[in-house]
>>> print(open('final-v8.cif').read())   # mmCIF, C-alpha atoms and all ligand atoms
data_structure
#
loop_
_atom_site.group_PDB
_atom_site.id
_atom_site.type_symbol
_atom_site.label_atom_id
_atom_site.label_comp_id
_atom_site.auth_asym_id
_atom_site.auth_seq_id
_atom_site.Cartn_x
_atom_site.Cartn_y
_atom_site.Cartn_z
ATOM 1 C CA MET A 1 -2.386 33.159 -2.696
ATOM 2 C CA ASN A 2 -0.332 31.000 -0.325
ATOM 3 C CA TRP A 3 2.991 30.858 -2.172
ATOM 4 C CA THR A 4 4.545 28.840 0.646
ATOM 5 C CA LEU A 5 2.325 25.908 -0.320
ATOM 6 C CA ILE A 6 3.012 26.307 -4.033
ATOM 7 C CA LYS A 7 6.761 26.356 -3.335
ATOM 8 C CA ALA A 8 6.377 23.245 -1.131
ATOM 9 C CA VAL A 9 4.689 21.383 -3.990
ATOM 10 C CA ILE A 10 7.466 22.396 -6.408
ATOM 11 C CA LYS A 11 10.208 21.388 -3.955
ATOM 12 C CA ALA A 12 8.479 18.111 -3.101
ATOM 13 C CA ARG A 13 8.131 17.206 -6.770
ATOM 14 C CA ARG A 14 11.781 18.112 -7.361
ATOM 15 C CA HIS A 15 12.761 15.736 -4.538
ATOM 16 C CA GLY A 16 10.627 12.903 -5.844
ATOM 17 C CA LEU A 17 7.670 13.395 -3.504
ATOM 18 C CA LEU A 18 4.005 14.056 -4.253
ATOM 19 C CA ARG A 19 4.102 11.345 -6.919
ATOM 20 C CA LEU A 20 0.613 10.201 -6.135
ATOM 21 C CA VAL A 21 -0.567 6.873 -7.504
ATOM 22 C CA PRO A 22 -3.850 5.051 -6.917
ATOM 23 C CA ALA A 23 -3.579 2.443 -4.155
ATOM 24 C CA THR A 24 -5.010 -0.411 -6.181
ATOM 25 C CA GLU A 25 -2.767 -3.154 -4.760
ATOM 26 C CA ALA A 26 -1.558 -4.281 -1.333
ATOM 27 C CA THR A 27 0.345 -1.373 0.197
ATOM 28 C CA ARG A 28 1.600 -0.452 3.650
ATOM 29 C CA LEU A 29 3.808 2.152 5.278
ATOM 30 C CA ASP A 30 6.962 1.132 7.095
ATOM 31 C CA CYS A 31 8.082 4.616 8.122
ATOM 32 C CA LEU A 32 11.845 5.101 8.384
ATOM 33 C CA LYS A 33 11.249 7.932 10.873
ATOM 34 C CA GLU A 34 14.318 10.013 11.793
ATOM 35 C CA ALA A 35 16.453 8.014 9.357
ATOM 36 C CA CYS A 36 14.365 9.630 6.612
ATOM 37 C CA GLY A 37 12.276 12.690 7.496
ATOM 38 C CA LYS A 38 11.776 13.344 3.784
ATOM 39 C CA CYS A 39 8.121 14.339 4.206
ATOM 40 C CA CYS A 40 8.768 16.848 7.017
ATOM 41 C CA MET A 41 11.761 18.287 5.128
ATOM 42 C CA ASN A 42 9.863 18.857 1.908
ATOM 43 C CA LEU A 43 6.149 19.191 2.684
ATOM 44 C CA GLY A 44 6.639 21.224 5.812
ATOM 45 C CA SER A 45 3.575 23.454 5.947
ATOM 46 C CA PRO A 46 0.736 21.158 6.970
ATOM 47 C CA VAL A 47 -2.655 22.741 7.340
ATOM 48 C CA VAL A 48 -3.859 23.061 10.939
ATOM 49 C CA THR A 49 -7.491 23.048 12.054
ATOM 50 C CA PRO A 50 -8.660 25.370 14.866
ATOM 51 C CA ALA A 51 -8.953 22.324 17.163
ATOM 52 C CA GLU A 52 -5.399 21.194 16.318
ATOM 53 C CA SER A 53 -4.038 24.708 16.810
ATOM 54 C CA GLU A 54 -5.070 24.631 20.475
ATOM 55 C CA HIS A 55 -2.278 22.116 21.104
ATOM 56 C CA ILE A 56 0.418 23.935 19.109
ATOM 57 C CA ASP A 57 2.327 27.024 20.263
ATOM 58 C CA GLU A 58 0.997 29.936 18.197
ATOM 59 C CA GLN A 59 4.536 31.114 17.360
ATOM 60 C CA PHE A 60 4.762 28.102 15.026
ATOM 61 C CA ILE A 61 1.517 28.847 13.180
ATOM 62 C CA ASP A 62 0.970 31.075 10.151
ATOM 63 C CA SER A 63 -2.440 32.313 9.041
ATOM 64 C CA LYS A 64 -2.996 32.781 5.319
ATOM 65 C CA ASP A 65 -6.137 33.068 3.184
ATOM 66 C CA GLY A 66 -8.310 32.324 6.221
ATOM 67 C CA ALA A 67 -6.501 29.070 7.034
ATOM 68 C CA MET A 68 -3.733 28.083 9.434
ATOM 69 C CA PHE A 69 -0.513 26.277 8.584
ATOM 70 C CA ILE A 70 2.611 25.179 10.442
ATOM 71 C CA LYS A 71 5.453 27.578 9.632
ATOM 72 C CA SER A 72 8.304 26.302 7.509
ATOM 73 C CA LYS A 73 11.577 27.499 6.039
ATOM 74 C CA ASN A 74 12.305 26.428 2.486
ATOM 75 C CA SER A 75 9.520 23.857 2.971
ATOM 76 C CA VAL A 76 11.236 22.313 6.010
ATOM 77 C CA CYS A 77 8.751 22.188 8.885
ATOM 78 C CA CYS A 78 9.831 24.440 11.759
ATOM 79 C CA LEU A 79 8.749 21.754 14.221
ATOM 80 C CA LEU A 80 11.262 19.233 12.934
ATOM 81 C CA ASP A 81 14.291 18.860 15.214
ATOM 82 C CA GLU A 82 17.104 16.446 14.402
ATOM 83 C CA GLY A 83 14.759 14.365 12.290
ATOM 84 C CA LEU A 84 12.035 14.176 14.924
ATOM 85 C CA CYS A 85 8.690 15.924 15.208
ATOM 86 C CA THR A 86 8.651 18.031 18.365
ATOM 87 C CA ILE A 87 4.844 17.881 18.581
ATOM 88 C CA TYR A 88 4.481 14.253 17.530
ATOM 89 C CA ALA A 89 1.471 13.474 19.760
ATOM 90 C CA ASN A 90 -0.308 16.602 18.521
ATOM 91 C CA ARG A 91 0.840 16.671 14.913
ATOM 92 C CA PRO A 92 -1.828 17.735 12.397
ATOM 93 C CA ARG A 93 -4.040 15.220 10.648
ATOM 94 C CA GLY A 94 -2.184 15.559 7.344
ATOM 95 C CA CYS A 95 1.047 14.461 9.056
ATOM 96 C CA ILE A 96 -0.660 11.478 10.663
ATOM 97 C CA GLU A 97 -2.217 10.408 7.369
ATOM 98 C CA TYR A 98 0.832 10.843 5.120
ATOM 99 C CA PRO A 99 1.619 9.162 2.692
ATOM 100 C CA TRP A 100 -2.068 8.424 2.070
ATOM 101 C CA TYR A 101 -4.306 10.818 0.174
ATOM 102 C CA ASN A 102 -8.004 10.918 -0.599
ATOM 103 C CA ILE A 103 -8.544 12.299 -4.070
ATOM 104 C CA GLY A 104 -12.177 12.346 -5.109
ATOM 105 C CA GLY A 105 -12.975 9.543 -2.655
ATOM 106 C CA ARG A 106 -10.250 7.303 -4.079
ATOM 107 C CA LEU A 107 -7.173 6.226 -2.104
ATOM 108 C CA TYR A 108 -3.769 7.362 -3.385
ATOM 109 C CA TYR A 109 -0.307 7.096 -1.830
ATOM 110 C CA ASP A 110 2.874 9.058 -2.355
ATOM 111 C CA SER A 111 5.156 6.684 -4.246
ATOM 112 C CA GLY A 112 8.086 8.978 -3.366
ATOM 113 C CA CYS A 113 7.906 7.925 0.296
ATOM 114 C CA PRO A 114 10.727 5.408 0.861
ATOM 115 C CA GLY A 115 8.647 3.624 3.523
ATOM 116 C CA ILE A 116 6.094 2.331 1.030
ATOM 117 C CA LYS A 117 5.980 -1.471 0.811
ATOM 118 C CA HIS A 118 3.764 -3.804 -1.152
ATOM 119 C CA ASP A 119 4.174 -7.054 0.792
ATOM 120 C CA THR A 120 1.141 -6.651 3.062
ATOM 121 C CA ASP A 121 -2.173 -4.922 2.630
ATOM 122 C CA GLN A 122 -2.591 -2.181 5.225
ATOM 123 C CA ARG A 123 -4.357 0.367 3.086
ATOM 124 C CA PRO A 124 -6.643 2.693 5.037
ATOM 125 C CA ASN A 125 -10.188 3.389 3.951
ATOM 126 C CA PRO A 126 -10.148 6.589 1.848
ATOM 127 C CA LYS A 127 -13.192 7.723 3.832
ATOM 128 C CA ASP A 128 -10.886 7.984 6.865
ATOM 129 C CA ILE A 129 -8.421 10.218 5.010
ATOM 130 C CA GLN A 130 -9.140 13.927 4.657
ATOM 131 C CA PRO A 131 -9.796 15.229 1.126
ATOM 132 C CA PHE A 132 -6.672 16.350 -0.760
ATOM 133 C CA GLU A 133 -8.202 19.823 -1.090
ATOM 134 C CA ASN A 134 -7.908 20.355 2.690
ATOM 135 C CA PHE A 135 -4.139 20.839 2.366
ATOM 136 C CA PHE A 136 -4.734 23.898 0.200
ATOM 137 C CA ALA A 137 -7.372 25.579 2.331
ATOM 138 C CA GLY A 138 -8.042 29.086 1.073
ATOM 139 C CA ALA A 139 -6.409 28.551 -2.340
ATOM 140 C CA PRO A 140 -8.533 29.222 -5.469
ATOM 141 C CA LYS A 141 -10.182 26.083 -6.871
ATOM 142 C CA PRO A 142 -8.376 26.237 -10.266
ATOM 143 C CA VAL A 143 -5.017 26.305 -8.437
ATOM 144 C CA VAL A 144 -5.946 23.264 -6.344
ATOM 145 C CA TRP A 145 -7.162 21.499 -9.497
ATOM 146 C CA LEU A 146 -3.834 22.198 -11.213
ATOM 147 C CA ILE A 147 -1.796 20.993 -8.215
ATOM 148 C CA LYS A 148 -3.852 17.805 -8.131
ATOM 149 C CA LYS A 149 -3.234 17.193 -11.832
ATOM 150 C CA ILE A 150 0.502 17.760 -11.423
ATOM 151 C CA CYS A 151 0.768 15.472 -8.369
ATOM 152 C CA ILE A 152 -0.948 12.528 -10.039
ATOM 153 C CA ARG A 153 1.227 12.837 -13.128
ATOM 154 C CA GLN A 154 4.063 10.346 -12.879
ATOM 155 C CA LEU A 155 6.925 12.375 -14.327
HETATM 156 S S1 LIG B 1 8.886 10.108 3.756
HETATM 157 FE FE1 LIG B 1 7.833 8.215 4.354
HETATM 158 S S2 LIG B 1 9.417 6.922 5.308
HETATM 159 FE FE2 LIG B 1 10.199 9.013 5.230
HETATM 160 S S3 LIG B 1 9.679 9.870 7.247
HETATM 161 FE FE3 LIG B 1 8.017 10.418 5.802
HETATM 162 S S4 LIG B 1 6.467 8.800 6.027
HETATM 163 FE FE4 LIG B 1 8.391 8.028 6.945
HETATM 164 S S1 LIG B 2 4.306 18.877 12.373
HETATM 165 FE FE1 LIG B 2 5.735 17.224 12.832
HETATM 166 S S2 LIG B 2 5.091 15.501 11.540
HETATM 167 FE FE2 LIG B 2 4.154 17.357 10.712
HETATM 168 S S3 LIG B 2 5.589 18.131 9.136
HETATM 169 FE FE3 LIG B 2 6.104 19.136 11.071
HETATM 170 S S4 LIG B 2 7.720 17.891 11.986
HETATM 171 FE FE4 LIG B 2 6.686 16.649 10.425
#
>>> encode(input="final-v8.cif", output="structure tokens")
Amino acid sequence: MNWTLIKAVIKARRHGLLRLVPATEATRLDCLKEACGKCCMNLGSPVVTPAESEHIDEQFIDSKDGAMFIKSKNSVCCLLDEGLCTIYANRPRGCIEYPWYNIGGRLYYDSGCPGIKHDTDQRPNPKDIQPFENFFAGAPKPVVWLIKKICIRQL
């Protein structure tokens, strides 16, 4: 079991993130970048595909349960430096897609992201967003199911 990911979910929820709601109305992201950094400071263990790993120094990658993740400390991504991503051009897909999520083919967004706006419709197609399950590669299905249920509960 990848406890780093479980701890990241708990910390993110505690800090108001991973409050996933269906994107049923006009929504866009106006990222606050280094003035915020909330995602990288709380969800800091994005899953990395073998292709993505070729562009990331291996010292920053952890392998667990047959999957690869960026290392983090207390859920703060180790590649974050003074609010900026040090591998921005090669950041993993999950980082590029945040705060959008594809849950069961439906588009969700993280309402805890302070960059979310509802004045213009710039929602991506959920087909272009990787399935939510990808973030928990290697974790048992019941655990992923439970995490999903918790993240779409608006508490
Ligand atoms: S939490 Fe949202 S606004 Fe803040 S850095 Fe991440 S994507 Fe940008
Ligand atoms: S890889 Fe970059 S964008 Fe992704 S969590 Fe780490 S610092 Fe943030």
>>> residues_around(input="final-v8.cif", residues="A:Pro126", least_positions_apart="4", cutoff="6 Å", atoms="all atoms listed in the file", output="list in words")
Asn102, Arg106 and Leu107 of chain A
>>> write_last_selection(input="final-v8.cif", atoms="C-alpha atoms", output="CSV table (one decimal), in the coordinates of the input")
chain,number,residue,atom,x,y,z
A,102,ASN,CA,-8.0,10.9,-0.6
A,106,ARG,CA,-10.2,7.3,-4.1
A,107,LEU,CA,-7.2,6.2,-2.1
>>> residues_around(input="final-v8.cif", residues="A:Gly115", least_positions_apart="2", cutoff="10 Å", atoms="all atoms listed in the file", output="PyMOL selection string")
chain A and resi 28-33+36+99+110-113+117
>>> atom_distance(input="final-v8.cif", atom1="atom CA of A:Pro46", atom2="atom CA of A:Val143")
17.2 Å
>>> closest_residue(input="final-v8.cif", among="A:Thr86, A:Asn74, A:Ser45, A:Gln59", to="A:Asn2", atoms="only C-alpha atoms")
A:Ser45
>>> residues_around(input="final-v8.cif", residues="A:Glu25", least_positions_apart="6", cutoff="12 Å", atoms="all atoms listed in the file", output="count of residues only")
11
>>> closest_residue(input="final-v8.cif", among="A:Glu133, A:Glu54, A:Asp128, A:Glu82", to="ligand LIG 2 (chain B)", atoms="all atoms listed in the file")
A:Glu82
>>> atom_distance(input="final-v8.cif", atom1="atom CA of A:Gly138", atom2="atom CA of A:Pro124")
26.7 Å
>>> closest_atom_pairs(input="final-v8.cif", of="chain A", to="ligand LIG 2 (chain B)", cutoff="10 Å", atoms="only C-alpha atoms and all ligand atoms", output="Markdown table")
| residue | atom | partner | partner_atom | distance |
| --- | --- | --- | --- | --- |
| A:Lys33 | CA | B:LIG2 | S2 | 9.8 |
| A:Gly37 | CA | B:LIG2 | FE4 | 7.4 |
| A:Lys38 | CA | B:LIG2 | FE4 | 9.0 |
| A:Cys39 | CA | B:LIG2 | S3 | 6.7 |
| A:Cys40 | CA | B:LIG2 | FE4 | 4.0 |
| A:Met41 | CA | B:LIG2 | S3 | 7.4 |
| A:Asn42 | CA | B:LIG2 | S3 | 8.4 |
| A:Leu43 | CA | B:LIG2 | S3 | 6.6 |
| A:Gly44 | CA | B:LIG2 | S3 | 4.7 |
| A:Ser45 | CA | B:LIG2 | S3 | 6.5 |
| A:Pro46 | CA | B:LIG2 | S3 | 6.1 |
| A:Val47 | CA | B:LIG2 | FE2 | 9.3 |
| A:Val48 | CA | B:LIG2 | S1 | 9.3 |
| A:Ile56 | CA | B:LIG2 | S1 | 9.3 |
| A:Phe60 | CA | B:LIG2 | S1 | 9.6 |
| A:Phe69 | CA | B:LIG2 | S1 | 9.6 |
| A:Ile70 | CA | B:LIG2 | S1 | 6.8 |
| A:Lys71 | CA | B:LIG2 | FE3 | 8.6 |
| A:Ser72 | CA | B:LIG2 | FE3 | 8.3 |
| A:Ser75 | CA | B:LIG2 | S3 | 9.3 |
| A:Val76 | CA | B:LIG2 | S3 | 7.7 |
| A:Cys77 | CA | B:LIG2 | FE3 | 4.6 |
| A:Cys78 | CA | B:LIG2 | FE3 | 6.5 |
| A:Leu79 | CA | B:LIG2 | S4 | 4.6 |
| A:Leu80 | CA | B:LIG2 | S4 | 3.9 |
| A:Asp81 | CA | B:LIG2 | S4 | 7.4 |
| A:Glu82 | CA | B:LIG2 | S4 | 9.8 |
| A:Gly83 | CA | B:LIG2 | S4 | 7.9 |
| A:Leu84 | CA | B:LIG2 | S4 | 6.4 |
| A:Cys85 | CA | B:LIG2 | S4 | 3.9 |
| A:Thr86 | CA | B:LIG2 | FE1 | 6.3 |
| A:Ile87 | CA | B:LIG2 | FE1 | 5.9 |
| A:Tyr88 | CA | B:LIG2 | FE1 | 5.7 |
| A:Ala89 | CA | B:LIG2 | FE1 | 9.0 |
| A:Asn90 | CA | B:LIG2 | S1 | 8.0 |
| A:Arg91 | CA | B:LIG2 | S1 | 4.8 |
| A:Pro92 | CA | B:LIG2 | FE2 | 6.2 |
| A:Arg93 | CA | B:LIG2 | FE2 | 8.5 |
| A:Gly94 | CA | B:LIG2 | FE2 | 7.4 |
| A:Cys95 | CA | B:LIG2 | FE2 | 4.6 |
| A:Ile96 | CA | B:LIG2 | S2 | 7.1 |
| A:Glu97 | CA | B:LIG2 | S2 | 9.8 |
| A:Tyr98 | CA | B:LIG2 | S2 | 9.0 |
>>> resolve_selection(input="final-v8.cif", expression="the PyMOL selection byres (((chain A and resi 153) around 12) and not hetatm)", output="PyMOL selection string")
chain A and resi 13+16-22+110-111+146-152+154-155
>>> write_last_selection(input="final-v8.cif", atoms="C-alpha atoms", output="PDB file, in the frame of the given file")
ATOM      1  CA  ARG A  13       8.131  17.206  -6.770  1.00  0.00           C
ATOM      2  CA  GLY A  16      10.627  12.903  -5.844  1.00  0.00           C
ATOM      3  CA  LEU A  17       7.670  13.395  -3.504  1.00  0.00           C
ATOM      4  CA  LEU A  18       4.005  14.056  -4.253  1.00  0.00           C
ATOM      5  CA  ARG A  19       4.102  11.345  -6.919  1.00  0.00           C
ATOM      6  CA  LEU A  20       0.613  10.201  -6.135  1.00  0.00           C
ATOM      7  CA  VAL A  21      -0.567   6.873  -7.504  1.00  0.00           C
ATOM      8  CA  PRO A  22      -3.850   5.051  -6.917  1.00  0.00           C
ATOM      9  CA  ASP A 110       2.874   9.058  -2.355  1.00  0.00           C
ATOM     10  CA  SER A 111       5.156   6.684  -4.246  1.00  0.00           C
ATOM     11  CA  LEU A 146      -3.834  22.198 -11.213  1.00  0.00           C
ATOM     12  CA  ILE A 147      -1.796  20.993  -8.215  1.00  0.00           C
ATOM     13  CA  LYS A 148      -3.852  17.805  -8.131  1.00  0.00           C
ATOM     14  CA  LYS A 149      -3.234  17.193 -11.832  1.00  0.00           C
ATOM     15  CA  ILE A 150       0.502  17.760 -11.423  1.00  0.00           C
ATOM     16  CA  CYS A 151       0.768  15.472  -8.369  1.00  0.00           C
ATOM     17  CA  ILE A 152      -0.948  12.528 -10.039  1.00  0.00           C
ATOM     18  CA  GLN A 154       4.063  10.346 -12.879  1.00  0.00           C
ATOM     19  CA  LEU A 155       6.925  12.375 -14.327  1.00  0.00           C
TER      20      LEU A 155
END
>>> closest_residue(input="final-v8.cif", among="A:Thr24, A:Ile61, A:Val144, A:Ala12", to="ligand LIG 1 (chain B)", atoms="all atoms listed in the file")
A:Ala12
>>> atom_distance(input="final-v8.cif", atom1="atom S4 of ligand LIG 1 (chain B)", atom2="atom CA of A:Lys127")
19.8 Å
>>> axis_aligned_box(input="final-v8.cif", around="ligand LIG 1 (chain B)", padding_each_side="6 Å", output="lines of an AutoDock Vina configuration file")
center_x = 8.3
center_y = 8.7
center_z = 5.5
size_x = 15.7
size_y = 15.5
size_z = 15.5
>>> residues_near_point(input="final-v8.cif", point="(-7.4, 18.4, 1.8)", cutoff="9 Å", atoms="all atoms listed in the file", output="ChimeraX atom specification")
/A:47,94,101-103,129-137
>>> closest_residue(input="final-v8.cif", among="A:His55, A:Trp3, A:Thr49, A:Gly105", to="A:Ala67", atoms="all atoms listed in the file")
A:Thr49
>>> decode(input="final-v8.cif", residues="stretch 43-74 of chain A", atoms="N, CA and C atoms", output="JSON list (two decimals), in the first residue's frame")
[["chain", "number", "residue", "atom", "x", "y", "z"],
["A", 43, "LEU", "N", -0.54, 18.05, -2.85],
["A", 43, "LEU", "CA", -0.79, 16.83, -3.63],
["A", 43, "LEU", "C", 0.52, 16.33, -4.24],
["A", 44, "GLY", "N", 1.60, 16.57, -3.56],
["A", 44, "GLY", "CA", 2.92, 16.45, -4.16],
["A", 44, "GLY", "C", 3.49, 15.11, -4.52],
["A", 45, "SER", "N", 2.72, 14.12, -4.86],
["A", 45, "SER", "CA", 3.31, 12.85, -5.31],
["A", 45, "SER", "C", 2.64, 12.40, -6.60],
["A", 46, "PRO", "N", 2.71, 13.22, -7.65],
["A", 46, "PRO", "CA", 2.03, 12.82, -8.88],
["A", 46, "PRO", "C", 2.60, 11.55, -9.47],
["A", 47, "VAL", "N", 1.72, 10.76, -10.03],
["A", 47, "VAL", "CA", 2.16, 9.52, -10.68],
["A", 47, "VAL", "C", 2.93, 9.89, -11.95],
["A", 48, "VAL", "N", 3.93, 9.07, -12.26],
["A", 48, "VAL", "CA", 4.80, 9.33, -13.42],
["A", 48, "VAL", "C", 4.79, 8.10, -14.33],
["A", 49, "THR", "N", 4.56, 8.30, -15.60],
["A", 49, "THR", "CA", 4.59, 7.17, -16.53],
["A", 49, "THR", "C", 6.04, 6.89, -16.92],
["A", 50, "PRO", "N", 6.33, 5.69, -17.46],
["A", 50, "PRO", "CA", 7.71, 5.40, -17.89],
["A", 50, "PRO", "C", 8.22, 6.44, -18.88],
["A", 51, "ALA", "N", 7.35, 6.89, -19.80],
["A", 51, "ALA", "CA", 7.77, 7.90, -20.79],
["A", 51, "ALA", "C", 8.11, 9.22, -20.10],
["A", 52, "GLU", "N", 7.30, 9.62, -19.12],
["A", 52, "GLU", "CA", 7.56, 10.87, -18.40],
["A", 52, "GLU", "C", 8.84, 10.77, -17.58],
["A", 53, "SER", "N", 9.09, 9.58, -17.04],
["A", 53, "SER", "CA", 10.26, 9.41, -16.15],
["A", 53, "SER", "C", 11.57, 9.63, -16.89],
["A", 54, "GLU", "N", 11.55, 9.46, -18.21],
["A", 54, "GLU", "CA", 12.79, 9.63, -18.99],
["A", 54, "GLU", "C", 13.28, 11.08, -18.96],
["A", 55, "HIS", "N", 12.36, 12.01, -18.62],
["A", 55, "HIS", "CA", 12.75, 13.42, -18.59],
["A", 55, "HIS", "C", 12.92, 13.95, -17.17],
["A", 56, "ILE", "N", 12.87, 13.05, -16.19],
["A", 56, "ILE", "CA", 12.97, 13.47, -14.78],
["A", 56, "ILE", "C", 14.14, 12.73, -14.13],
["A", 57, "ASP", "N", 14.99, 13.46, -13.43],
["A", 57, "ASP", "CA", 16.12, 12.84, -12.74],
["A", 57, "ASP", "C", 15.61, 11.75, -11.80],
["A", 58, "GLU", "N", 16.19, 10.56, -11.90],
["A", 58, "GLU", "CA", 15.68, 9.41, -11.13],
["A", 58, "GLU", "C", 15.75, 9.60, -9.62],
["A", 59, "GLN", "N", 16.63, 10.51, -9.16],
["A", 59, "GLN", "CA", 16.72, 10.75, -7.71],
["A", 59, "GLN", "C", 15.40, 11.33, -7.15],
["A", 60, "PHE", "N", 14.57, 11.87, -8.04],
["A", 60, "PHE", "CA", 13.32, 12.48, -7.59],
["A", 60, "PHE", "C", 12.13, 11.53, -7.73],
["A", 61, "ILE", "N", 12.40, 10.30, -8.15],
["A", 61, "ILE", "CA", 11.30, 9.35, -8.40],
["A", 61, "ILE", "C", 11.35, 8.19, -7.43],
["A", 62, "ASP", "N", 10.17, 7.85, -6.93],
["A", 62, "ASP", "CA", 9.97, 6.71, -6.02],
["A", 62, "ASP", "C", 9.19, 5.64, -6.77],
["A", 63, "SER", "N", 9.54, 4.38, -6.55],
["A", 63, "SER", "CA", 8.75, 3.30, -7.15],
["A", 63, "SER", "C", 8.03, 2.56, -6.04],
["A", 64, "LYS", "N", 6.70, 2.44, -6.19],
["A", 64, "LYS", "CA", 5.91, 1.73, -5.18],
["A", 64, "LYS", "C", 4.80, 0.96, -5.87],
["A", 65, "ASP", "N", 4.55, -0.26, -5.44],
["A", 65, "ASP", "CA", 3.45, -1.07, -5.97],
["A", 65, "ASP", "C", 3.47, -1.13, -7.50],
["A", 66, "GLY", "N", 4.68, -1.16, -8.07],
["A", 66, "GLY", "CA", 4.79, -1.29, -9.53],
["A", 66, "GLY", "C", 4.52, 0.00, -10.28],
["A", 67, "ALA", "N", 4.43, 1.12, -9.57],
["A", 67, "ALA", "CA", 4.20, 2.41, -10.24],
["A", 67, "ALA", "C", 5.26, 3.40, -9.78],
["A", 68, "MET", "N", 5.39, 4.49, -10.53],
["A", 68, "MET", "CA", 6.38, 5.51, -10.18],
["A", 68, "MET", "C", 5.68, 6.82, -9.80],
["A", 69, "PHE", "N", 6.26, 7.49, -8.81],
["A", 69, "PHE", "CA", 5.69, 8.74, -8.32],
["A", 69, "PHE", "C", 6.83, 9.72, -8.07],
["A", 70, "ILE", "N", 6.51, 11.03, -8.15],
["A", 70, "ILE", "CA", 7.49, 12.04, -7.76],
["A", 70, "ILE", "C", 7.61, 11.98, -6.23],
["A", 71, "LYS", "N", 8.81, 12.07, -5.73],
["A", 71, "LYS", "CA", 9.00, 12.05, -4.26],
["A", 71, "LYS", "C", 8.43, 13.32, -3.65],
["A", 72, "SER", "N", 8.01, 13.19, -2.40],
["A", 72, "SER", "CA", 7.50, 14.37, -1.69],
["A", 72, "SER", "C", 7.85, 14.24, -0.21],
["A", 73, "LYS", "N", 7.75, 15.37, 0.48],
["A", 73, "LYS", "CA", 7.97, 15.37, 1.93],
["A", 73, "LYS", "C", 6.74, 16.02, 2.54],
["A", 74, "ASN", "N", 6.05, 15.28, 3.39],
["A", 74, "ASN", "CA", 4.81, 15.78, 3.98],
["A", 74, "ASN", "C", 3.86, 16.29, 2.88]]
